[in-house]
Amino acid sequence: MSPEGSLTSSVTENRMQSVGVALEELLVTARKQECLTVGIYESAQFLNTDPDSVVLCVLAADGDEADVALQIHFTLLQSFCCDSGITILRVSGVPRLRRLLASVDDDDDNRRQDGDIHCMLVTNPQADHCRLQEVGIYCQESLRVDQWVPELVLQDR
């Protein structure tokens, strides 16, 4: 690999790590503000009743390509979000997301860890939340490089 290719790869990797941290902070903030819907069924219900309040749809899967039902759900959710102008981000790193949401739930005894975290909707967080803007810009930039659905790999920490 040429030095320029190595530099480009390093910049891309740093950008993805930065956006990964931004997404994690956004999800934690949204959960604390009760602006996070978790689960495929729950997300579909929410999109059916109030799609205008959704600002981000996160689809999470790790090697679940063999799960045909999950892929059908993802396709339907992606199509609905695209038609509704909702930003979509597909992430891998389900164990990281599960731990992240569990850490928020530990702060409040009335909440429990949801089993299905394959789809999460962020709704009406603080309008000026800089992390939402950072994730949104990453998604827009990814679309410009011909990704139908932007993808992000969350780093296990």
# chains A, B, ... in the order shown; residues from 1 in each chain; ligands from 1
call {"tool": "closest_atom_pairs", "arguments": {"of": "region 35-58 of chain A", "to": "region 73-97 of chain A", "cutoff": "7 Å", "atoms": "only C-alpha atoms", "output": "JSON lines"}}
result
{"residue": "A:Val54", "atom": "CA", "partner": "A:Ile86", "partner_atom": "CA", "distance": 6.7}
{"residue": "A:Val55", "atom": "CA", "partner": "A:Ile86", "partner_atom": "CA", "distance": 5.9}
{"residue": "A:Leu56", "atom": "CA", "partner": "A:Thr87", "partner_atom": "CA", "distance": 4.9}
{"residue": "A:Cys57", "atom": "CA", "partner": "A:Ile88", "partner_atom": "CA", "distance": 4.7}
{"residue": "A:Val58", "atom": "CA", "partner": "A:Leu89", "partner_atom": "CA", "distance": 4.9}
call {"tool": "write_last_selection", "arguments": {"atoms": "all heavy atoms", "output": "PDB file, in the first residue's frame"}}
result
ATOM      1  N   VAL A  54     -39.111  10.829  14.311  1.00  0.00           N
ATOM      2  CA  VAL A  54     -37.908  10.006  14.251  1.00  0.00           C
ATOM      3  C   VAL A  54     -36.813  10.752  13.489  1.00  0.00           C
ATOM      4  O   VAL A  54     -37.027  11.229  12.383  1.00  0.00           O
ATOM      5  CB  VAL A  54     -38.193   8.647  13.568  1.00  0.00           C
ATOM      6  CG1 VAL A  54     -36.918   7.815  13.458  1.00  0.00           C
ATOM      7  CG2 VAL A  54     -39.263   7.883  14.339  1.00  0.00           C
ATOM      8  N   VAL A  55     -35.637  10.851  14.109  1.00  0.00           N
ATOM      9  CA  VAL A  55     -34.510  11.543  13.475  1.00  0.00           C
ATOM     10  C   VAL A  55     -33.402  10.598  13.039  1.00  0.00           C
ATOM     11  O   VAL A  55     -32.552  10.968  12.236  1.00  0.00           O
ATOM     12  CB  VAL A  55     -33.933  12.646  14.399  1.00  0.00           C
ATOM     13  CG1 VAL A  55     -34.956  13.755  14.609  1.00  0.00           C
ATOM     14  CG2 VAL A  55     -33.463  12.075  15.719  1.00  0.00           C
ATOM     15  N   LEU A  56     -33.403   9.367  13.566  1.00  0.00           N
ATOM     16  CA  LEU A  56     -32.361   8.404  13.191  1.00  0.00           C
ATOM     17  C   LEU A  56     -32.869   6.992  13.444  1.00  0.00           C
ATOM     18  O   LEU A  56     -33.460   6.716  14.489  1.00  0.00           O
ATOM     19  CB  LEU A  56     -31.091   8.634  14.029  1.00  0.00           C
ATOM     20  CG  LEU A  56     -29.927   7.663  13.802  1.00  0.00           C
ATOM     21  CD1 LEU A  56     -29.350   7.815  12.388  1.00  0.00           C
ATOM     22  CD2 LEU A  56     -28.837   7.891  14.843  1.00  0.00           C
ATOM     23  N   CYS A  57     -32.620   6.111  12.472  1.00  0.00           N
ATOM     24  CA  CYS A  57     -32.927   4.690  12.613  1.00  0.00           C
ATOM     25  C   CYS A  57     -31.603   3.936  12.588  1.00  0.00           C
ATOM     26  O   CYS A  57     -30.843   4.049  11.623  1.00  0.00           O
ATOM     27  CB  CYS A  57     -33.830   4.223  11.467  1.00  0.00           C
ATOM     28  SG  CYS A  57     -34.153   2.442  11.477  1.00  0.00           S
ATOM     29  N   VAL A  58     -31.322   3.183  13.642  1.00  0.00           N
ATOM     30  CA  VAL A  58     -30.097   2.402  13.741  1.00  0.00           C
ATOM     31  C   VAL A  58     -30.474   0.925  13.615  1.00  0.00           C
ATOM     32  O   VAL A  58     -31.279   0.421  14.398  1.00  0.00           O
ATOM     33  CB  VAL A  58     -29.377   2.644  15.087  1.00  0.00           C
ATOM     34  CG1 VAL A  58     -28.135   1.772  15.203  1.00  0.00           C
ATOM     35  CG2 VAL A  58     -29.027   4.115  15.249  1.00  0.00           C
TER      36      VAL A  58
END
call {"tool": "select_by_dssp", "arguments": {"residues": "chain A", "states": "strand (DSSP E)", "output": "PyMOL selection string"}}
result
chain A and resi 36-38+54-60+87-92+119-123+151-153
call {"tool": "residues_around", "arguments": {"residues": "region 32-42 of chain A", "least_positions_apart": "6", "cutoff": "9 Å", "atoms": "only C-alpha atoms", "output": "compact mmCIF listing (two decimals) with N, CA, C and O atoms, in the first residue's frame"}}
result
# COMPACT_ATOMS: atom_id res chain seq x y z
N LEU A 59 -29.90 0.27 12.62
CA LEU A 59 -30.12 -1.16 12.41
C LEU A 59 -28.84 -1.88 12.79
O LEU A 59 -27.77 -1.58 12.25
N LEU A 70 -34.91 -11.45 9.81
CA LEU A 70 -34.28 -10.19 10.21
C LEU A 70 -33.98 -9.34 8.98
O LEU A 70 -34.23 -8.13 8.97
N HIS A 73 -37.16 -7.76 7.72
CA HIS A 73 -37.52 -6.62 8.59
C HIS A 73 -36.65 -5.41 8.27
O HIS A 73 -37.15 -4.29 8.17
N PHE A 74 -35.34 -5.64 8.14
CA PHE A 74 -34.42 -4.54 7.82
C PHE A 74 -34.80 -3.89 6.49
O PHE A 74 -34.82 -2.67 6.37
N LEU A 77 -37.96 -1.80 6.99
CA LEU A 77 -37.67 -0.60 7.78
C LEU A 77 -36.86 0.40 6.98
O LEU A 77 -37.13 1.60 7.02
N VAL A 104 -26.88 2.10 30.86
CA VAL A 104 -27.87 3.16 31.09
C VAL A 104 -29.00 2.62 31.94
O VAL A 104 -29.46 3.27 32.87
N ASP A 105 -29.45 1.39 31.63
CA ASP A 105 -30.55 0.79 32.37
C ASP A 105 -30.20 0.53 33.83
O ASP A 105 -31.06 0.57 34.69
N ASP A 114 -33.57 -4.49 27.02
CA ASP A 114 -34.41 -5.09 25.99
C ASP A 114 -33.63 -6.17 25.28
O ASP A 114 -32.45 -5.99 24.97
N GLY A 115 -34.26 -7.29 25.00
CA GLY A 115 -33.60 -8.39 24.32
C GLY A 115 -33.30 -8.09 22.87
O GLY A 115 -32.25 -8.44 22.36
N ASP A 116 -34.22 -7.45 22.18
CA ASP A 116 -34.05 -7.18 20.75
C ASP A 116 -33.52 -5.76 20.57
O ASP A 116 -34.22 -4.79 20.79
N ILE A 117 -32.27 -5.69 20.16
CA ILE A 117 -31.69 -4.37 19.90
C ILE A 117 -31.31 -4.22 18.43
O ILE A 117 -30.48 -3.40 18.09
N HIS A 118 -31.95 -5.01 17.58
CA HIS A 118 -31.62 -4.97 16.15
C HIS A 118 -32.08 -3.68 15.48
O HIS A 118 -31.57 -3.31 14.44
N CYS A 119 -33.05 -3.01 16.07
CA CYS A 119 -33.50 -1.72 15.52
C CYS A 119 -33.71 -0.76 16.68
O CYS A 119 -34.29 -1.11 17.70
N MET A 120 -33.20 0.47 16.49
CA MET A 120 -33.39 1.52 17.48
C MET A 120 -33.74 2.81 16.76
O MET A 120 -33.12 3.14 15.74
N LEU A 121 -34.72 3.50 17.28
CA LEU A 121 -35.12 4.79 16.72
C LEU A 121 -34.81 5.89 17.72
O LEU A 121 -35.18 5.79 18.88
N VAL A 122 -34.13 6.91 17.26
CA VAL A 122 -33.88 8.09 18.08
C VAL A 122 -34.95 9.10 17.70
O VAL A 122 -35.13 9.43 16.52
N THR A 123 -35.68 9.57 18.71
CA THR A 123 -36.78 10.50 18.47
C THR A 123 -36.60 11.78 19.26
O THR A 123 -36.23 11.74 20.43
N ASN A 124 -36.81 12.88 18.60
CA ASN A 124 -36.84 14.20 19.23
C ASN A 124 -35.84 14.44 20.35
O ASN A 124 -36.20 14.88 21.43
N PRO A 125 -34.55 14.14 20.13
CA PRO A 125 -33.60 14.52 21.17
C PRO A 125 -33.42 16.04 21.13
O PRO A 125 -34.03 16.70 20.30
N GLN A 126 -32.58 16.55 22.00
CA GLN A 126 -32.32 17.99 21.97
C GLN A 126 -31.98 18.37 20.54
O GLN A 126 -31.13 17.76 19.90
call {"tool": "atom_distance", "arguments": {"atom1": "CA of Leu100 (chain A)", "atom2": "CA of Glu141 (chain A)"}}
result
25.8 Å
call {"tool": "closest_residue", "arguments": {"among": "A:Leu101, A:Ala22, A:Leu27, A:Asp50", "to": "Gln133 (chain A)", "atoms": "only C-alpha atoms"}}
result
A:Ala22
call {"tool": "residues_around", "arguments": {"residues": "Val19 (chain A)", "least_positions_apart": "2", "cutoff": "10 Å", "atoms": "only C-alpha atoms", "output": "NGL selection string"}}
result
:A and (13-17 or 21-25 or 131-132 or 134-139 or 152-154)
call {"tool": "select_by_dssp", "arguments": {"residues": "chain A", "states": "helix (DSSP H, G or I)", "output": "short mmCIF file (atom, residue, chain, number, x, y, z; two decimals) with N, CA and C atoms, in the first residue's frame"}}
result
data_model
loop_
_atom_site.label_atom_id
_atom_site.label_comp_id
_atom_site.auth_asym_id
_atom_site.auth_seq_id
_atom_site.Cartn_x
_atom_site.Cartn_y
_atom_site.Cartn_z
N PRO A 3 2.04 5.18 0.70
CA PRO A 3 1.89 6.02 1.89
C PRO A 3 0.59 6.81 1.86
N GLU A 4 0.16 7.25 0.66
CA GLU A 4 -1.08 8.01 0.55
C GLU A 4 -2.27 7.13 0.89
N GLY A 5 -2.24 5.86 0.43
CA GLY A 5 -3.32 4.92 0.73
C GLY A 5 -3.39 4.63 2.21
N SER A 6 -2.22 4.51 2.85
CA SER A 6 -2.16 4.26 4.28
C SER A 6 -2.72 5.44 5.06
N LEU A 7 -2.41 6.65 4.61
CA LEU A 7 -2.92 7.85 5.26
C LEU A 7 -4.43 7.94 5.12
N THR A 8 -4.94 7.66 3.92
CA THR A 8 -6.39 7.70 3.68
C THR A 8 -7.08 6.67 4.55
N SER A 9 -6.51 5.48 4.65
CA SER A 9 -7.08 4.43 5.48
C SER A 9 -7.10 4.84 6.95
N SER A 10 -6.03 5.46 7.41
CA SER A 10 -5.94 5.90 8.79
C SER A 10 -6.97 7.00 9.09
N VAL A 11 -7.12 7.93 8.17
CA VAL A 11 -8.10 9.01 8.35
C VAL A 11 -9.51 8.42 8.39
N THR A 12 -9.80 7.49 7.50
CA THR A 12 -11.12 6.86 7.46
C THR A 12 -11.39 6.10 8.76
N GLU A 13 -10.39 5.37 9.24
CA GLU A 13 -10.55 4.62 10.48
C GLU A 13 -10.78 5.56 11.66
N ASN A 14 -10.02 6.65 11.74
CA ASN A 14 -10.22 7.63 12.82
C ASN A 14 -11.60 8.25 12.75
N ARG A 15 -12.06 8.55 11.54
CA ARG A 15 -13.39 9.13 11.36
C ARG A 15 -14.47 8.16 11.83
N MET A 16 -14.32 6.88 11.47
CA MET A 16 -15.31 5.89 11.89
C MET A 16 -15.32 5.72 13.41
N GLN A 17 -14.13 5.76 14.04
CA GLN A 17 -14.07 5.66 15.50
C GLN A 17 -14.76 6.86 16.14
N SER A 18 -14.51 8.05 15.60
CA SER A 18 -15.12 9.26 16.12
C SER A 18 -16.65 9.20 16.00
N VAL A 19 -17.13 8.76 14.86
CA VAL A 19 -18.58 8.65 14.65
C VAL A 19 -19.15 7.55 15.54
N GLY A 20 -18.39 6.48 15.75
CA GLY A 20 -18.84 5.42 16.66
C GLY A 20 -19.03 5.93 18.07
N VAL A 21 -18.10 6.73 18.55
CA VAL A 21 -18.22 7.34 19.88
C VAL A 21 -19.41 8.30 19.90
N ALA A 22 -19.58 9.07 18.84
CA ALA A 22 -20.70 10.00 18.76
C ALA A 22 -22.03 9.24 18.81
N LEU A 23 -22.12 8.13 18.07
CA LEU A 23 -23.34 7.34 18.08
C LEU A 23 -23.62 6.77 19.46
N GLU A 24 -22.58 6.26 20.12
CA GLU A 24 -22.77 5.72 21.46
C GLU A 24 -23.28 6.80 22.42
N GLU A 25 -22.68 7.99 22.37
CA GLU A 25 -23.12 9.08 23.25
C GLU A 25 -24.54 9.50 22.92
N LEU A 26 -24.88 9.53 21.64
CA LEU A 26 -26.22 9.88 21.21
C LEU A 26 -27.24 8.87 21.74
N LEU A 27 -26.94 7.58 21.62
CA LEU A 27 -27.88 6.54 22.08
C LEU A 27 -28.06 6.60 23.60
N VAL A 28 -26.97 6.83 24.34
CA VAL A 28 -27.07 6.93 25.80
C VAL A 28 -27.92 8.15 26.18
N THR A 29 -27.66 9.29 25.54
CA THR A 29 -28.43 10.50 25.82
C THR A 29 -29.90 10.30 25.48
N ALA A 30 -30.16 9.70 24.32
CA ALA A 30 -31.55 9.46 23.91
C ALA A 30 -32.25 8.52 24.89
N ARG A 31 -31.55 7.50 25.36
CA ARG A 31 -32.15 6.56 26.32
C ARG A 31 -32.49 7.29 27.61
N LYS A 32 -31.56 8.12 28.09
CA LYS A 32 -31.80 8.85 29.33
C LYS A 32 -32.95 9.85 29.19
N ILE A 40 -37.34 -4.31 16.98
CA ILE A 40 -37.91 -4.23 15.63
C ILE A 40 -39.41 -3.99 15.69
N TYR A 41 -40.11 -4.77 16.47
CA TYR A 41 -41.57 -4.64 16.55
C TYR A 41 -41.96 -3.27 17.12
N GLU A 42 -41.29 -2.87 18.20
CA GLU A 42 -41.59 -1.58 18.82
C GLU A 42 -41.30 -0.43 17.85
N SER A 43 -40.20 -0.55 17.10
CA SER A 43 -39.84 0.49 16.13
C SER A 43 -40.87 0.57 15.01
N ALA A 44 -41.30 -0.58 14.52
CA ALA A 44 -42.31 -0.59 13.46
C ALA A 44 -43.60 0.05 13.95
N GLN A 45 -44.00 -0.25 15.18
CA GLN A 45 -45.20 0.37 15.75
C GLN A 45 -45.04 1.89 15.83
N PHE A 46 -43.89 2.32 16.31
CA PHE A 46 -43.65 3.76 16.47
C PHE A 46 -43.66 4.45 15.11
N LEU A 47 -42.98 3.85 14.12
CA LEU A 47 -42.95 4.43 12.77
C LEU A 47 -44.36 4.51 12.18
N ASN A 48 -45.20 3.59 12.54
CA ASN A 48 -46.59 3.60 12.05
C ASN A 48 -47.40 4.72 12.66
N THR A 49 -47.10 5.08 13.92
CA THR A 49 -47.90 6.09 14.60
C THR A 49 -47.31 7.50 14.54
N PRO A 51 -44.01 8.80 12.60
CA PRO A 51 -42.74 8.80 11.87
C PRO A 51 -42.07 10.17 11.82
N ASP A 52 -42.83 11.24 11.95
CA ASP A 52 -42.25 12.58 11.84
C ASP A 52 -41.33 12.94 13.00
N SER A 53 -41.45 12.23 14.12
CA SER A 53 -40.58 12.55 15.26
C SER A 53 -39.28 11.74 15.26
N ASP A 64 -25.70 -11.66 10.91
CA ASP A 64 -27.04 -12.24 10.90
C ASP A 64 -27.60 -12.37 9.49
N GLU A 65 -26.72 -12.37 8.50
CA GLU A 65 -27.19 -12.43 7.12
C GLU A 65 -28.00 -13.69 6.86
N ALA A 66 -27.75 -14.77 7.63
CA ALA A 66 -28.49 -16.02 7.44
C ALA A 66 -29.90 -15.93 8.02
N VAL A 68 -33.11 -14.81 7.67
CA VAL A 68 -33.92 -14.24 6.58
C VAL A 68 -34.98 -13.30 7.13
N ALA A 69 -35.61 -13.67 8.22
CA ALA A 69 -36.66 -12.82 8.79
C ALA A 69 -36.10 -11.46 9.20
N LEU A 70 -34.91 -11.45 9.81
CA LEU A 70 -34.28 -10.19 10.21
C LEU A 70 -33.98 -9.34 8.98
N GLN A 71 -33.48 -9.96 7.92
CA GLN A 71 -33.17 -9.22 6.70
C GLN A 71 -34.43 -8.63 6.06
N ILE A 72 -35.53 -9.37 6.11
CA ILE A 72 -36.81 -8.85 5.58
C ILE A 72 -37.26 -7.65 6.40
N HIS A 73 -37.16 -7.76 7.72
CA HIS A 73 -37.52 -6.62 8.59
C HIS A 73 -36.65 -5.41 8.27
N PHE A 74 -35.34 -5.64 8.14
CA PHE A 74 -34.42 -4.54 7.82
C PHE A 74 -34.80 -3.89 6.49
N THR A 75 -35.09 -4.70 5.49
CA THR A 75 -35.44 -4.16 4.17
C THR A 75 -36.69 -3.30 4.25
N LEU A 76 -37.70 -3.77 4.97
CA LEU A 76 -38.94 -3.00 5.12
C LEU A 76 -38.71 -1.71 5.91
N LEU A 77 -37.96 -1.80 6.99
CA LEU A 77 -37.67 -0.60 7.78
C LEU A 77 -36.86 0.40 6.98
N GLN A 78 -35.85 -0.08 6.26
CA GLN A 78 -35.02 0.80 5.43
C GLN A 78 -35.87 1.51 4.38
N SER A 79 -36.73 0.77 3.73
CA SER A 79 -37.59 1.34 2.70
C SER A 79 -38.50 2.42 3.28
N PHE A 80 -39.12 2.11 4.42
CA PHE A 80 -40.01 3.08 5.06
C PHE A 80 -39.23 4.33 5.45
N CYS A 81 -38.06 4.15 6.04
CA CYS A 81 -37.25 5.29 6.47
C CYS A 81 -36.80 6.13 5.28
N CYS A 82 -36.39 5.48 4.21
CA CYS A 82 -35.98 6.23 3.00
C CYS A 82 -37.15 7.04 2.46
N ASP A 83 -38.32 6.43 2.38
CA ASP A 83 -39.50 7.12 1.88
C ASP A 83 -39.91 8.28 2.78
N SER A 84 -39.60 8.17 4.08
CA SER A 84 -40.00 9.19 5.05
C SER A 84 -38.90 10.21 5.32
N VAL A 94 -23.17 -5.58 18.01
CA VAL A 94 -24.32 -5.80 18.88
C VAL A 94 -23.92 -6.00 20.34
N PRO A 95 -22.86 -6.77 20.65
CA PRO A 95 -22.47 -6.91 22.06
C PRO A 95 -22.14 -5.56 22.70
N ARG A 96 -21.46 -4.69 21.95
CA ARG A 96 -21.13 -3.36 22.47
C ARG A 96 -22.40 -2.56 22.75
N LEU A 97 -23.34 -2.59 21.81
CA LEU A 97 -24.61 -1.87 22.00
C LEU A 97 -25.37 -2.42 23.20
N ARG A 98 -25.38 -3.73 23.35
CA ARG A 98 -26.10 -4.35 24.47
C ARG A 98 -25.52 -3.88 25.81
N ARG A 99 -24.17 -3.87 25.91
CA ARG A 99 -23.52 -3.40 27.14
C ARG A 99 -23.78 -1.91 27.37
N LEU A 100 -23.75 -1.15 26.30
CA LEU A 100 -23.96 0.29 26.39
C LEU A 100 -25.36 0.60 26.94
N LEU A 101 -26.37 -0.04 26.39
CA LEU A 101 -27.74 0.19 26.85
C LEU A 101 -27.96 -0.38 28.24
N ALA A 102 -27.31 -1.50 28.56
CA ALA A 102 -27.43 -2.07 29.90
C ALA A 102 -26.86 -1.12 30.94
N SER A 103 -25.77 -0.41 30.59
CA SER A 103 -25.16 0.52 31.55
C SER A 103 -26.10 1.68 31.85
N VAL A 104 -26.88 2.10 30.86
CA VAL A 104 -27.87 3.16 31.09
C VAL A 104 -29.00 2.62 31.94
N ASP A 105 -29.45 1.39 31.63
CA ASP A 105 -30.55 0.79 32.37
C ASP A 105 -30.20 0.53 33.83
N ASP A 106 -28.91 0.29 34.12
CA ASP A 106 -28.48 0.07 35.50
C ASP A 106 -28.70 1.31 36.35
N CYS A 130 -25.06 17.96 19.32
CA CYS A 130 -23.96 17.92 18.35
C CYS A 130 -23.66 16.51 17.89
N ARG A 131 -23.88 15.52 18.70
CA ARG A 131 -23.60 14.15 18.32
C ARG A 131 -24.57 13.68 17.23
N LEU A 132 -25.81 14.12 17.28
CA LEU A 132 -26.76 13.79 16.22
C LEU A 132 -26.29 14.40 14.90
N GLN A 133 -25.81 15.61 14.96
CA GLN A 133 -25.30 16.27 13.75
C GLN A 133 -24.10 15.52 13.19
N GLU A 134 -23.18 15.09 14.05
CA GLU A 134 -21.99 14.37 13.59
C GLU A 134 -22.37 13.05 12.93
N VAL A 135 -23.29 12.31 13.53
CA VAL A 135 -23.74 11.05 12.94
C VAL A 135 -24.46 11.31 11.62
N GLY A 136 -25.30 12.34 11.58
CA GLY A 136 -26.03 12.69 10.36
C GLY A 136 -25.10 13.07 9.22
N ILE A 137 -24.06 13.83 9.52
CA ILE A 137 -23.09 14.23 8.49
C ILE A 137 -22.37 13.00 7.96
N TYR A 138 -21.98 12.09 8.86
CA TYR A 138 -21.33 10.85 8.43
C TYR A 138 -22.25 10.07 7.47
N CYS A 139 -23.52 9.98 7.81
CA CYS A 139 -24.47 9.26 6.97
C CYS A 139 -24.61 9.93 5.60
N GLN A 140 -24.70 11.25 5.58
CA GLN A 140 -24.80 11.97 4.31
C GLN A 140 -23.56 11.76 3.45
N GLU A 141 -22.39 11.84 4.08
CA GLU A 141 -21.14 11.64 3.34
C GLU A 141 -21.05 10.22 2.80
N SER A 142 -21.51 9.24 3.57
CA SER A 142 -21.48 7.85 3.12
C SER A 142 -22.41 7.65 1.93
N LEU A 143 -23.55 8.33 1.93
CA LEU A 143 -24.47 8.21 0.80
C LEU A 143 -23.84 8.76 -0.47
N ARG A 144 -23.01 9.76 -0.33
CA ARG A 144 -22.35 10.36 -1.50
C ARG A 144 -21.35 9.40 -2.14
#
